>>> print(open('work36.txt').read())   # compact mmCIF, C-alpha atoms
# COMPACT_ATOMS: atom_id res chain seq x y z
CA MET A 147 -22.28 -13.97 -23.68
CA SER A 148 -19.32 -11.93 -22.32
CA GLY A 149 -15.71 -13.04 -22.62
CA VAL A 150 -15.61 -13.67 -18.87
CA ALA A 151 -18.71 -15.87 -19.05
CA ARG A 152 -17.32 -17.78 -22.05
CA TRP A 153 -14.14 -18.45 -20.12
CA PHE A 154 -16.10 -19.82 -17.16
CA GLN A 155 -18.18 -21.97 -19.49
CA SER A 156 -15.02 -23.44 -21.04
CA ARG A 157 -13.72 -24.32 -17.56
CA ARG A 158 -17.01 -25.67 -16.15
CA GLY A 159 -18.35 -27.55 -19.13
CA PRO A 160 -21.76 -27.41 -20.90
CA ALA A 161 -24.29 -24.78 -19.93
CA SER A 162 -26.79 -25.65 -17.20
CA ALA A 163 -29.67 -23.84 -15.58
CA ASP A 164 -27.28 -22.21 -13.18
CA GLY A 165 -24.12 -22.40 -15.33
CA PRO A 166 -22.52 -19.80 -17.58
CA GLY A 167 -25.03 -20.40 -20.35
CA GLY A 168 -28.04 -20.23 -18.02
CA PRO A 169 -29.79 -17.30 -16.40
CA ASP A 170 -27.04 -17.01 -13.81
CA GLY A 171 -24.21 -17.16 -16.37
CA LEU A 172 -23.12 -13.54 -16.06
CA ALA A 173 -23.23 -13.58 -12.25
CA ALA A 174 -21.01 -16.63 -11.74
CA PRO A 175 -17.71 -14.97 -12.75
CA PHE A 176 -18.39 -11.99 -10.56
CA ARG A 177 -19.30 -14.21 -7.60
CA ALA A 178 -15.93 -15.91 -8.02
CA LEU A 179 -14.22 -12.53 -8.34
CA ARG A 180 -16.00 -11.21 -5.25
CA THR A 181 -15.03 -14.26 -3.23
CA ALA A 182 -11.39 -13.98 -4.27
CA ALA A 183 -11.23 -10.21 -3.77
CA ALA A 184 -12.82 -10.40 -0.32
CA GLY A 185 -9.61 -11.86 1.07
CA ILE A 186 -7.45 -8.92 -0.11
CA GLY A 187 -6.73 -5.96 2.13
CA SER A 188 -7.32 -7.35 5.60
CA SER A 189 -4.61 -5.10 7.07
CA LEU A 190 -2.45 -2.05 6.39
CA ASP A 191 0.61 -4.24 5.90
CA GLU A 192 1.89 -4.24 2.31
CA SER A 193 3.49 -7.67 2.45
CA THR A 194 0.29 -9.20 3.82
CA THR A 195 -1.73 -7.60 1.01
CA CYS A 196 0.66 -9.00 -1.61
CA THR A 197 0.35 -12.50 -0.15
CA GLU A 198 -3.43 -12.21 -0.12
CA LEU A 199 -3.34 -11.11 -3.77
CA THR A 200 -1.28 -14.08 -4.95
CA ARG A 201 -3.52 -16.50 -3.06
CA ALA A 202 -6.59 -14.96 -4.68
CA ALA A 203 -4.96 -15.09 -8.12
CA VAL A 204 -4.18 -18.80 -7.77
CA GLN A 205 -7.72 -19.38 -6.54
CA LEU A 206 -9.03 -17.87 -9.79
CA GLY A 207 -6.47 -19.00 -12.35
CA GLY A 208 -4.57 -21.89 -10.81
CA GLY A 209 -0.83 -22.41 -11.25
CA CYS A 210 1.47 -20.00 -9.46
CA ALA A 211 1.38 -16.29 -8.69
CA ALA A 212 3.92 -13.82 -7.36
CA VAL A 213 4.37 -10.09 -6.94
CA MET A 214 7.19 -7.79 -8.00
CA ARG A 215 7.03 -4.62 -5.98
CA ARG A 216 8.15 -1.27 -7.33
CA VAL A 217 9.43 1.68 -5.29
CA GLY A 218 10.53 4.52 -7.54
CA ASP A 219 12.73 2.97 -10.21
CA THR A 220 13.62 -0.04 -8.05
CA VAL A 221 11.84 -3.32 -8.74
CA SER A 222 12.11 -6.26 -6.36
CA GLY A 223 12.47 -9.89 -7.31
CA TYR A 224 9.58 -12.33 -7.00
CA GLU A 225 7.86 -12.00 -3.62
CA SER A 226 4.79 -13.42 -1.87
CA ILE A 227 4.92 -16.53 -4.08
CA THR A 228 1.90 -18.84 -3.95
CA GLY A 229 2.21 -22.16 -5.78
CA ASP A 230 5.12 -23.77 -7.62
CA ALA A 231 7.75 -21.07 -8.20
CA ASP A 232 9.28 -23.10 -11.06
CA LEU A 233 6.29 -22.12 -13.19
CA LEU A 234 7.18 -18.43 -13.10
CA PRO A 235 8.73 -16.87 -16.23
CA ASP A 236 12.11 -15.19 -16.48
CA ALA A 237 12.11 -12.38 -13.94
CA ARG A 238 13.68 -10.00 -16.47
CA TRP A 239 10.47 -9.96 -18.51
CA ALA A 240 8.32 -9.18 -15.46
CA THR A 241 10.80 -6.53 -14.32
CA ALA A 242 10.52 -4.78 -17.69
CA VAL A 243 6.73 -4.81 -17.42
CA ALA A 244 6.90 -3.47 -13.87
CA ARG A 245 8.95 -0.52 -15.12
CA ASP A 246 7.05 0.21 -18.31
CA ALA A 247 3.45 -0.96 -18.06
CA GLY A 248 0.63 1.43 -17.37
CA THR A 249 -3.09 0.99 -16.99
CA PRO A 250 -4.68 -0.40 -20.17
CA ALA A 251 -7.90 1.03 -21.52
CA ALA A 252 -10.97 -1.05 -20.68
CA ASP A 253 -11.62 -1.82 -24.35
CA ASN A 254 -8.04 -2.24 -25.50
CA TRP A 255 -5.90 -5.23 -24.54
CA VAL A 256 -2.32 -4.05 -24.27
CA ASP A 257 0.89 -6.06 -24.53
CA PRO A 258 3.21 -6.87 -22.76
CA TRP A 259 0.69 -8.18 -20.25
CA LEU A 260 0.66 -11.61 -21.88
CA PHE A 261 3.79 -13.72 -22.17
CA ARG A 262 3.90 -15.51 -25.53
CA PRO A 263 5.36 -19.07 -25.32
CA VAL A 264 8.10 -19.48 -27.92
CA GLY A 265 9.46 -22.91 -27.07
CA SER A 266 8.23 -26.32 -26.04
CA HIS A 267 9.23 -25.68 -22.43
CA SER A 268 7.77 -22.19 -22.19
CA ARG A 269 4.67 -21.82 -20.08
CA PRO A 270 1.92 -19.25 -20.52
CA ALA A 271 2.20 -16.32 -18.14
CA LEU A 272 0.39 -13.10 -17.39
CA CYS A 273 1.65 -9.84 -15.91
CA ALA A 274 -0.90 -7.37 -14.48
CA PRO A 275 0.27 -3.98 -13.16
CA LEU A 276 -0.48 -3.01 -9.57
CA THR A 277 -1.84 0.42 -10.43
CA SER A 278 -3.95 2.80 -8.36
CA GLY A 279 -4.77 6.13 -9.95
CA CYS A 280 -1.56 7.46 -11.49
CA ASP A 281 0.69 5.40 -9.23
CA GLN A 282 2.21 2.04 -10.10
CA TYR A 283 3.38 -0.25 -7.30
CA GLY A 284 4.67 -3.24 -9.27
CA VAL A 285 3.09 -6.19 -11.05
CA LEU A 286 1.19 -9.39 -10.36
CA VAL A 287 2.78 -12.28 -12.27
CA CYS A 288 0.77 -15.47 -12.90
CA ALA A 289 1.88 -18.64 -14.70
CA ARG A 290 0.63 -22.20 -15.15
CA ASP A 291 0.98 -25.38 -17.15
CA GLY A 292 -1.51 -25.98 -19.91
CA ALA A 293 -3.69 -23.49 -21.78
CA ALA A 294 -2.69 -19.87 -22.20
CA PHE A 295 -4.57 -17.26 -20.19
CA ALA A 296 -7.71 -16.07 -21.93
CA ARG A 297 -8.49 -12.39 -22.09
CA ALA A 298 -11.41 -12.89 -19.69
CA GLU A 299 -9.11 -14.50 -17.12
CA ALA A 300 -6.63 -11.67 -17.49
CA GLU A 301 -9.40 -9.14 -16.93
CA LEU A 302 -10.37 -10.80 -13.65
CA LEU A 303 -6.77 -11.02 -12.48
CA ALA A 304 -6.21 -7.39 -13.47
CA LEU A 305 -9.19 -6.38 -11.34
CA LEU A 306 -7.68 -8.24 -8.39
CA ALA A 307 -4.38 -6.44 -9.01
CA GLU A 308 -6.11 -3.06 -9.05
CA ARG A 309 -7.88 -3.84 -5.78
CA ALA A 310 -4.62 -4.89 -4.17
CA ALA A 311 -2.88 -1.77 -5.52
CA SER A 312 -5.41 0.43 -3.75
CA HIS A 313 -4.65 -1.30 -0.45
CA ILE A 314 -0.91 -1.07 -1.11
CA ARG A 315 -1.28 2.68 -1.66
CA HIS A 316 -3.02 3.02 1.70
CA ALA A 317 -0.36 0.83 3.35
CA ARG A 318 2.47 2.99 2.01
CA GLU A 319 0.73 6.18 3.05
CA TYR A 320 0.22 4.69 6.50
CA ASP A 321 3.89 3.70 6.68
CA GLN A 322 4.90 7.23 5.71
CA VAL A 323 2.74 8.68 8.47
CA ASN A 324 4.30 6.18 10.89
CA ARG A 325 7.83 7.19 9.86
CA THR A 326 6.98 10.85 10.30
CA ALA A 327 5.36 10.12 13.64
CA ALA A 328 8.34 8.07 14.80
CA ASP A 329 10.73 10.92 13.93
CA LEU A 330 8.50 13.31 15.84
CA GLN A 331 8.27 10.92 18.79
CA ARG A 332 12.05 10.63 18.99
CA ALA A 333 12.38 14.41 18.79
CA LEU A 334 9.85 14.92 21.56
CA LEU A 335 11.01 12.18 23.93
CA SER A 336 14.76 12.05 23.36
CA GLU A 337 15.59 15.13 25.43
CA PRO A 338 13.91 14.95 28.84
CA GLY A 339 15.08 17.41 31.44
CA ARG A 340 17.97 16.54 33.73
CA PRO A 341 17.05 15.55 37.30
CA HIS A 342 19.35 16.47 40.16
CA PRO A 343 22.25 14.05 40.67
CA ASN A 344 20.64 13.09 43.99
CA LEU A 345 17.97 11.19 42.04
CA ASP A 346 18.41 8.10 39.87
CA VAL A 347 15.82 8.13 37.06
CA SER A 348 14.95 5.69 34.27
CA ILE A 349 12.27 6.19 31.59
CA ARG A 350 10.67 3.88 29.02
CA TYR A 351 8.20 4.51 26.22
CA LEU A 352 6.53 1.57 24.45
CA PRO A 353 4.12 2.13 21.54
CA ALA A 354 1.11 -0.19 21.55
CA GLY A 355 1.69 -3.48 19.74
CA GLY A 356 5.19 -2.46 18.71
CA ARG A 357 3.87 0.08 16.23
CA VAL A 358 5.65 3.36 15.73
CA LEU A 359 2.67 5.64 15.53
CA VAL A 360 3.20 8.45 17.98
CA GLY A 361 0.75 9.01 20.79
CA GLY A 362 0.18 11.42 23.61
CA ASP A 363 2.01 9.55 26.40
CA TRP A 364 5.07 11.28 27.83
CA CYS A 365 7.42 11.54 30.79
CA GLU A 366 9.45 14.51 31.97
CA THR A 367 11.83 15.58 34.72
CA VAL A 368 12.30 19.22 35.72
CA ARG A 369 15.24 20.27 37.90
CA LEU A 370 14.17 22.61 40.69
CA HIS A 371 16.02 24.56 43.39
CA PHE A 372 17.32 23.13 46.66
CA GLY A 373 18.02 19.66 45.27
CA ARG A 374 14.41 18.98 44.30
CA THR A 375 13.17 17.40 41.05
CA LEU A 376 9.69 17.46 39.54
CA LEU A 377 8.71 14.13 37.98
CA VAL A 378 5.93 14.21 35.40
CA VAL A 379 3.92 11.66 33.47
CA GLY A 380 1.05 12.62 31.17
CA ASP A 381 -1.32 11.16 28.60
CA VAL A 382 -3.02 13.25 25.90
CA MET A 383 -6.21 11.64 24.68
CA GLY A 384 -5.92 9.92 21.30
CA HIS A 385 -3.04 8.99 19.00
CA GLY A 386 -1.38 10.36 15.92
CA LEU A 387 0.32 13.62 15.05
CA GLU A 388 -2.42 15.78 16.60
CA ALA A 389 -1.98 14.10 19.98
CA ALA A 390 1.80 14.48 19.69
CA VAL A 391 1.51 18.19 18.91
CA ASP A 392 -0.72 18.73 21.95
CA MET A 393 1.62 16.63 24.07
CA ASN A 394 4.50 18.91 23.10
CA ALA A 395 2.40 21.96 23.95
CA TYR A 396 1.62 20.61 27.42
CA ARG A 397 5.25 19.70 27.93
CA SER A 398 6.51 23.15 26.92
CA SER A 399 4.00 24.90 29.16
CA LEU A 400 4.90 22.62 32.05
CA ARG A 401 8.61 23.42 31.83
CA TYR A 402 7.86 27.14 31.85
CA ILE A 403 5.40 27.01 34.75
CA ALA A 404 7.46 24.61 36.86
CA SER A 405 10.45 26.94 36.72
CA SER A 406 8.50 29.37 38.94
CA GLU A 407 8.77 26.85 41.83
CA LEU A 408 5.00 26.61 42.35
CA PRO A 409 3.65 23.62 44.29
CA PRO A 410 2.39 20.76 42.07
CA HIS A 411 -1.33 21.53 42.42
CA ARG A 412 -0.79 25.15 41.32
CA VAL A 413 1.28 23.99 38.35
CA LEU A 414 -1.66 21.84 37.27
CA ARG A 415 -4.06 24.76 37.77
CA GLN A 416 -2.04 26.98 35.44
CA LEU A 417 -1.65 24.21 32.87
CA ASP A 418 -5.40 23.72 32.89
CA ASP A 419 -6.04 27.46 32.51
CA ILE A 420 -3.74 27.65 29.47
CA ALA A 421 -5.15 24.54 27.80
CA ALA A 422 -8.78 25.55 28.40
CA THR A 423 -8.31 28.74 26.36
CA GLU A 424 -7.31 26.72 23.27
CA ALA A 425 -10.43 25.19 21.72
CA ASP A 426 -8.50 22.61 19.69
CA ARG A 427 -6.28 21.43 22.56
CA ARG A 428 -7.06 17.83 23.52
CA PRO A 429 -7.65 17.04 27.20
CA ALA A 430 -4.87 15.24 29.03
CA THR A 431 -4.29 13.47 32.30
CA CYS A 432 -1.15 14.36 34.23
CA LEU A 433 0.61 13.38 37.45
CA LEU A 434 3.19 15.63 39.12
CA VAL A 435 5.52 14.35 41.84
CA ARG A 436 7.97 16.79 43.43
CA VAL A 437 10.78 14.81 45.04
CA ASP A 438 12.81 16.39 47.85
CA PRO A 439 15.50 13.86 48.89
CA SER A 440 17.06 16.17 51.49
CA ARG A 441 13.78 16.21 53.41
CA GLY A 442 12.83 12.65 52.50
CA GLN A 443 9.43 13.56 51.11
CA VAL A 444 7.40 13.75 47.91
CA THR A 445 4.50 16.06 47.06
CA LEU A 446 1.93 14.80 44.54
CA ALA A 447 -0.93 16.26 42.51
CA SER A 448 -3.03 14.56 39.84
CA ALA A 449 -5.17 15.75 36.95
CA GLY A 450 -7.25 12.65 36.31
CA HIS A 451 -4.19 10.40 36.33
CA LEU A 452 -3.50 7.06 38.02
CA PRO A 453 -1.53 7.16 41.31
CA PRO A 454 2.18 6.33 41.45
CA ALA A 455 3.56 3.15 42.95
CA LEU A 456 6.04 3.12 45.81
CA ILE A 457 8.55 0.27 45.92
CA THR A 458 9.73 -0.12 49.50
CA GLY A 459 13.20 -1.06 50.64
CA ARG A 460 11.91 -4.59 51.25
CA GLY A 461 10.72 -4.87 47.64
CA SER A 462 6.97 -4.67 48.27
CA THR A 463 4.69 -2.38 46.25
CA ALA A 464 2.09 0.11 47.41
CA LEU A 465 0.02 2.75 45.63
CA LEU A 466 0.35 6.26 47.05
CA GLN A 467 -2.83 8.16 47.79
CA VAL A 468 -3.22 11.37 45.78
CA PRO A 469 -6.18 13.75 45.39
CA VAL A 470 -7.44 13.44 41.81
CA GLY A 471 -8.69 16.51 39.97
CA PRO A 472 -10.21 16.75 36.47
CA PRO A 473 -8.09 16.25 33.33
CA LEU A 474 -6.20 19.24 31.97
CA GLY A 475 -7.97 21.30 29.34
CA THR A 476 -11.40 21.13 30.95
CA GLY A 477 -11.11 24.47 32.76
CA PHE A 478 -12.64 23.06 35.97
CA GLY A 479 -9.52 23.34 38.15
CA GLY A 480 -9.85 22.04 41.70
CA TYR A 481 -6.41 20.44 42.15
CA GLU A 482 -4.88 19.54 45.50
CA SER A 483 -1.53 18.23 46.70
CA ALA A 484 -0.61 15.43 49.10
CA THR A 485 2.74 14.78 50.79
CA HIS A 486 4.30 11.39 51.63
CA ARG A 487 7.56 10.19 53.11
CA LEU A 488 10.25 8.79 50.78
CA GLU A 489 13.19 6.87 52.25
CA PRO A 490 16.54 6.67 50.40
CA ASP A 491 16.06 2.97 49.64
CA GLU A 492 12.53 3.46 48.22
CA ALA A 493 11.62 4.01 44.58
CA LEU A 494 8.73 5.74 42.84
CA VAL A 495 7.10 4.47 39.64
CA LEU A 496 4.95 6.82 37.55
CA PHE A 497 3.08 5.36 34.58
CA THR A 498 0.33 5.86 32.01
CA ASP A 499 -2.72 3.62 32.00
CA GLY A 500 -1.41 1.42 29.17
CA LEU A 501 0.94 -0.25 31.66
CA VAL A 502 -1.86 -1.76 33.75
CA GLU A 503 -5.19 -1.55 31.89
CA ARG A 504 -6.60 -4.61 30.16
CA ARG A 505 -9.69 -4.76 27.99
CA GLY A 506 -12.84 -5.57 29.94
CA GLU A 507 -11.08 -5.40 33.32
CA ASP A 508 -11.95 -3.04 36.13
CA ILE A 509 -9.17 -0.48 36.71
CA ASP A 510 -9.02 -1.31 40.42
CA ARG A 511 -8.18 -4.90 39.52
CA SER A 512 -5.54 -3.65 37.07
CA LEU A 513 -3.91 -1.51 39.76
CA HIS A 514 -4.08 -4.40 42.23
CA ARG A 515 -2.03 -6.51 39.81
CA LEU A 516 0.73 -3.91 39.98
CA ALA A 517 0.47 -3.62 43.76
CA GLU A 518 0.97 -7.40 44.11
CA LEU A 519 4.44 -7.27 42.52
CA HIS A 520 7.46 -7.89 44.74
CA PHE A 521 11.03 -6.99 43.77
CA THR A 522 14.55 -7.79 44.81
CA PRO A 523 15.51 -5.18 47.42
CA ALA A 524 17.67 -2.30 46.14
CA VAL A 525 17.44 -3.32 42.47
CA ASP A 526 18.51 -0.33 40.34
CA VAL A 527 15.85 1.73 38.57
CA ASP A 528 16.66 0.29 35.14
CA GLY A 529 16.26 -3.25 36.42
CA LEU A 530 13.12 -2.22 38.25
CA LEU A 531 11.51 -0.92 35.06
CA GLU A 532 12.51 -3.96 33.03
CA SER A 533 11.03 -6.25 35.66
CA ILE A 534 7.74 -4.31 35.72
CA LEU A 535 7.43 -4.23 31.92
CA THR A 536 8.13 -7.95 31.66
CA ARG A 537 5.89 -9.11 34.50
CA LEU A 538 2.96 -6.97 33.34
CA ASP A 539 3.54 -8.01 29.70
CA ALA A 540 3.64 -4.32 28.75
CA ARG A 541 5.23 -5.02 25.37
CA HIS A 542 1.90 -6.54 24.29
CA ALA A 543 -0.25 -3.79 25.82
CA GLU A 544 -3.28 -2.52 23.93
CA ASP A 545 -2.30 1.12 24.54
CA ASP A 546 0.93 3.11 24.60
CA VAL A 547 3.00 2.82 27.75
CA ALA A 548 5.11 5.54 29.32
CA VAL A 549 6.72 4.72 32.64
CA LEU A 550 9.29 6.44 34.88
CA ALA A 551 11.14 5.07 37.91
CA ALA A 552 13.10 7.23 40.37
CA ARG A 553 15.03 6.58 43.59
CA PRO A 554 16.91 9.06 45.82
CA HIS A 555 20.66 8.78 45.49
CA ARG A 556 22.63 10.11 48.41
CA ARG A 557 26.25 10.71 47.53
CA GLN A 558 28.96 10.45 50.18
CA GLY A 559 29.24 13.68 52.08
CA GLY A 560 25.68 14.75 51.27
CA PHE A 561 24.71 17.38 48.73
CA SER A 562 27.15 19.97 47.50
CA SER A 563 26.74 23.57 48.52
CA VAL A 564 25.79 24.44 44.96
CA GLU A 565 22.95 21.92 45.07
CA GLU A 566 21.79 23.13 48.48
CA ALA A 567 21.67 26.61 46.99
CA GLY A 568 19.61 25.39 44.08
CA GLY A 569 22.31 25.02 41.38
>>> encode(input="work36.txt", output="structure tokens")
Amino acid sequence: MSGVARWFQSRRGPASADGPGGPDGLAAPFRALRTAAAGIGSSLDESTTCTELTRAAVQLGGGCAAVMRRVGDTVSGYESITGDADLLPDARWATAVARDAGTPAADNWVDPWLFRPVGSHSRPALCAPLTSGCDQYGVLVCARDGAAFARAEAELLALLAERAASHIRHAREYDQVNRTAADLQRALLSEPGRPHPNLDVSIRYLPAGGRVLVGGDWCETVRLHFGRTLLVVGDVMGHGLEAAVDMNAYRSSLRYIASSELPPHRVLRQLDDIAATEADRRPATCLLVRVDPSRGQVTLASAGHLPPALITGRGSTALLQVPVGPPLGTGFGGYESATHRLEPDEALVLFTDGLVERRGEDIDRSLHRLAELHFTPAVDVDGLLESILTRLDARHAEDDVAVLAARPHRRQGGFSSVEEAGG
């Protein structure tokens, strides 16, 4: 009989047909281990994994369990405690183990995993390293009243610690990718172009679920001649660094093409031509809105993107009609423009689908929800965006949200001569 089976027999009593001494004796410990381990690693959150580990450890060994996490040479105090914390040993001992312990050989029990009671008030404790491959992420510390931990118990708890360590490794790698992605996102979105001073603009970007993983949603403004501004919102398919790289490529191409003063549908056509020649470029939807406050009009073109919303001077909402062509990167072309009136007290809202879409809901119903919104007349563009995000619960959206609001701003005396000349 193995040491694990003997330990189970000592805890469950005399052997029975289905007990440790019976035909199923070797399977029972592993069933218990499988049940306990199944609850570890339900997410890519390190703190959650540590809590799941301590719960599983108490389920197997009783008493109390905690984790000391290690990052470089820094070791935390007791965390994710399950059970009575007063049972835990002096943290200095566990800290030393966290700094020095490695992975023991399968056939060689290595101190200082086991804490040796030296006084009448000392309780037996066990310290199992959280090790995955060559990396050590801390230790699992277990303690209880009563009998010392048997080697078989320690082996089971060590297996739980190894399983948790693997999930912790993935969680830290995921966090590192998120940090890199967040830095990239800030770099890509922190410097939008400057619109003309005759246009008030506000932009928001919200990652799905509050996460920081970068996606392909973006907004842009491009200053054109004669007091005009090109407003842009786009959505590259997918998430992650690859989508962000493609998003930056689309954005760079757009700035270059828009500077030639082409109408919006021809800008989309050239963007599509460039993207279609790059086999690895992901498709993207895109909406262009050229705003001309001096003429009181907007010209729109769409590459598979949702239409913009118009907030009237009375505060009502309407969706502007725009011809929809295929997404960028397909090489199909076929883009057209449409022109609408824009009064000085009206505002435009451009957005990606994450603002309105809900799982299992028809997109027409999602857009209707936006069109039903009513706002306080003449609210500024910042307040307008905050109201939309709140009322559509965009901070809990299932996809990233990029949204831009713009309203013409006529200064006293009209536009300067420099602006009329295109400065």
>>> residues_around(input="work36.txt", residues="stretch 474-483 of chain A", least_positions_apart="3", cutoff="8 Å", atoms="all atoms listed in the file", output="list of chain:residue names")
A:Pro409, A:Pro410, A:His411, A:Arg412, A:Leu414, A:Arg415, A:Leu417, A:Asp418, A:Asp419, A:Ile420, A:Ala421, A:Ala422, A:Arg427, A:Arg428, A:Pro429, A:Ala430, A:Thr431, A:Cys432, A:Thr445, A:Leu446, A:Ala447, A:Ser448, A:Ala449, A:Gly450, A:Val468, A:Pro469, A:Val470, A:Gly471
>>> atom_distance(input="work36.txt", atom1="atom CA of A:Val527", atom2="atom CA of A:Ala551")
5.8 Å
>>> closest_residue(input="work36.txt", among="A:Val204, A:Leu377, A:Ala389, A:Val368", to="A:Glu299", atoms="all atoms listed in the file")
A:Val204
>>> atom_distance(input="work36.txt", atom1="atom CA of A:Asp246", atom2="atom CA of A:Asp230")
26.3 Å
>>> residues_near_point(input="work36.txt", point="(-3.6, 6.2, 46.4)", cutoff="8 Å", atoms="only C-alpha atoms", output="JSON, numbers by chain")
{"A": [453, 454, 465, 466, 467, 468]}
>>> atom_distance(input="work36.txt", atom1="atom CA of A:His451", atom2="atom CA of A:Asp526")
25.4 Å
>>> closest_residue(input="work36.txt", among="A:Thr498, A:Thr241, A:Thr522, A:Ser312", to="A:Val382", atoms="all atoms listed in the file")
A:Thr498
>>> residues_around(input="work36.txt", residues="A:Leu550", least_positions_apart="3", cutoff="10 Å", atoms="only C-alpha atoms", output="short mmCIF file (atom, residue, chain, number, x, y, z; two decimals) with C-alpha atoms, in the coordinates of the input")
data_model
loop_
_atom_site.label_atom_id
_atom_site.label_comp_id
_atom_site.auth_asym_id
_atom_site.auth_seq_id
_atom_site.Cartn_x
_atom_site.Cartn_y
_atom_site.Cartn_z
CA VAL A 347 15.82 8.13 37.06
CA SER A 348 14.95 5.69 34.27
CA ILE A 349 12.27 6.19 31.59
CA ARG A 350 10.67 3.88 29.02
CA TYR A 351 8.20 4.51 26.22
CA TRP A 364 5.07 11.28 27.83
CA CYS A 365 7.42 11.54 30.79
CA GLU A 366 9.45 14.51 31.97
CA THR A 367 11.83 15.58 34.72
CA LEU A 377 8.71 14.13 37.98
CA VAL A 378 5.93 14.21 35.40
CA VAL A 379 3.92 11.66 33.47
CA PRO A 454 2.18 6.33 41.45
CA LEU A 494 8.73 5.74 42.84
CA VAL A 495 7.10 4.47 39.64
CA LEU A 496 4.95 6.82 37.55
CA PHE A 497 3.08 5.36 34.58
CA THR A 498 0.33 5.86 32.01
CA VAL A 527 15.85 1.73 38.57
CA ASP A 528 16.66 0.29 35.14
CA LEU A 531 11.51 -0.92 35.06
#
>>> residues_around(input="work36.txt", residues="A:Ser188", least_positions_apart="2", cutoff="12 Å", atoms="only C-alpha atoms", output="PDB file with C-alpha atoms, in the coordinates of the input")
ATOM      1  CA  ALA A 183     -11.230 -10.210  -3.770  1.00  0.00           C
ATOM      2  CA  ALA A 184     -12.820 -10.400  -0.320  1.00  0.00           C
ATOM      3  CA  GLY A 185      -9.610 -11.860   1.070  1.00  0.00           C
ATOM      4  CA  ILE A 186      -7.450  -8.920  -0.110  1.00  0.00           C
ATOM      5  CA  LEU A 190      -2.450  -2.050   6.390  1.00  0.00           C
ATOM      6  CA  ASP A 191       0.610  -4.240   5.900  1.00  0.00           C
ATOM      7  CA  GLU A 192       1.890  -4.240   2.310  1.00  0.00           C
ATOM      8  CA  SER A 193       3.490  -7.670   2.450  1.00  0.00           C
ATOM      9  CA  THR A 194       0.290  -9.200   3.820  1.00  0.00           C
ATOM     10  CA  THR A 195      -1.730  -7.600   1.010  1.00  0.00           C
ATOM     11  CA  CYS A 196       0.660  -9.000  -1.610  1.00  0.00           C
ATOM     12  CA  THR A 197       0.350 -12.500  -0.150  1.00  0.00           C
ATOM     13  CA  GLU A 198      -3.430 -12.210  -0.120  1.00  0.00           C
ATOM     14  CA  LEU A 199      -3.340 -11.110  -3.770  1.00  0.00           C
ATOM     15  CA  ARG A 309      -7.880  -3.840  -5.780  1.00  0.00           C
ATOM     16  CA  ALA A 310      -4.620  -4.890  -4.170  1.00  0.00           C
ATOM     17  CA  HIS A 313      -4.650  -1.300  -0.450  1.00  0.00           C
ATOM     18  CA  ILE A 314      -0.910  -1.070  -1.110  1.00  0.00           C
ATOM     19  CA  HIS A 316      -3.020   3.020   1.700  1.00  0.00           C
ATOM     20  CA  ALA A 317      -0.360   0.830   3.350  1.00  0.00           C
TER      21      ALA A 317
END
>>> residues_around(input="work36.txt", residues="A:Arg269", least_positions_apart="4", cutoff="8 Å", atoms="only C-alpha atoms", output="ChimeraX atom specification")
/A:233,235,263,289-292,294
>>> closest_residue(input="work36.txt", among="A:Ala311, A:Leu302, A:Ala354, A:Leu501", to="A:Arg177", atoms="only C-alpha atoms")
A:Leu302
>>> decode(input="work36.txt", residues="stretch 491-497 of chain A", atoms="N, CA, C and O atoms", output="mmCIF file, in the first residue's frame")
data_model
loop_
_atom_site.group_PDB
_atom_site.id
_atom_site.type_symbol
_atom_site.label_atom_id
_atom_site.label_comp_id
_atom_site.auth_asym_id
_atom_site.auth_seq_id
_atom_site.Cartn_x
_atom_site.Cartn_y
_atom_site.Cartn_z
ATOM 1 N N ASP A 491 -26.112 74.075 -33.256
ATOM 2 C CA ASP A 491 -26.490 73.548 -31.950
ATOM 3 C C ASP A 491 -26.654 72.028 -31.959
ATOM 4 O O ASP A 491 -27.098 71.437 -30.980
ATOM 5 N N GLU A 492 -26.275 71.361 -33.063
ATOM 6 C CA GLU A 492 -26.395 69.916 -33.167
ATOM 7 C C GLU A 492 -25.033 69.251 -32.944
ATOM 8 O O GLU A 492 -23.983 69.859 -33.188
ATOM 9 N N ALA A 493 -25.078 68.012 -32.484
ATOM 10 C CA ALA A 493 -23.844 67.271 -32.195
ATOM 11 C C ALA A 493 -23.867 65.932 -32.916
ATOM 12 O O ALA A 493 -24.929 65.322 -33.115
ATOM 13 N N LEU A 494 -22.681 65.474 -33.294
ATOM 14 C CA LEU A 494 -22.508 64.164 -33.910
ATOM 15 C C LEU A 494 -21.869 63.216 -32.916
ATOM 16 O O LEU A 494 -20.987 63.611 -32.143
ATOM 17 N N VAL A 495 -22.281 61.953 -32.946
ATOM 18 C CA VAL A 495 -21.681 60.924 -32.099
ATOM 19 C C VAL A 495 -21.288 59.747 -32.991
ATOM 20 O O VAL A 495 -22.149 59.128 -33.626
ATOM 21 N N LEU A 496 -19.990 59.466 -33.048
ATOM 22 C CA LEU A 496 -19.460 58.331 -33.783
ATOM 23 C C LEU A 496 -19.036 57.287 -32.758
ATOM 24 O O LEU A 496 -18.476 57.633 -31.704
ATOM 25 N N PHE A 497 -19.243 55.998 -33.058
ATOM 26 C CA PHE A 497 -18.992 54.984 -32.038
ATOM 27 C C PHE A 497 -18.677 53.649 -32.690
ATOM 28 O O PHE A 497 -19.031 53.391 -33.847
#
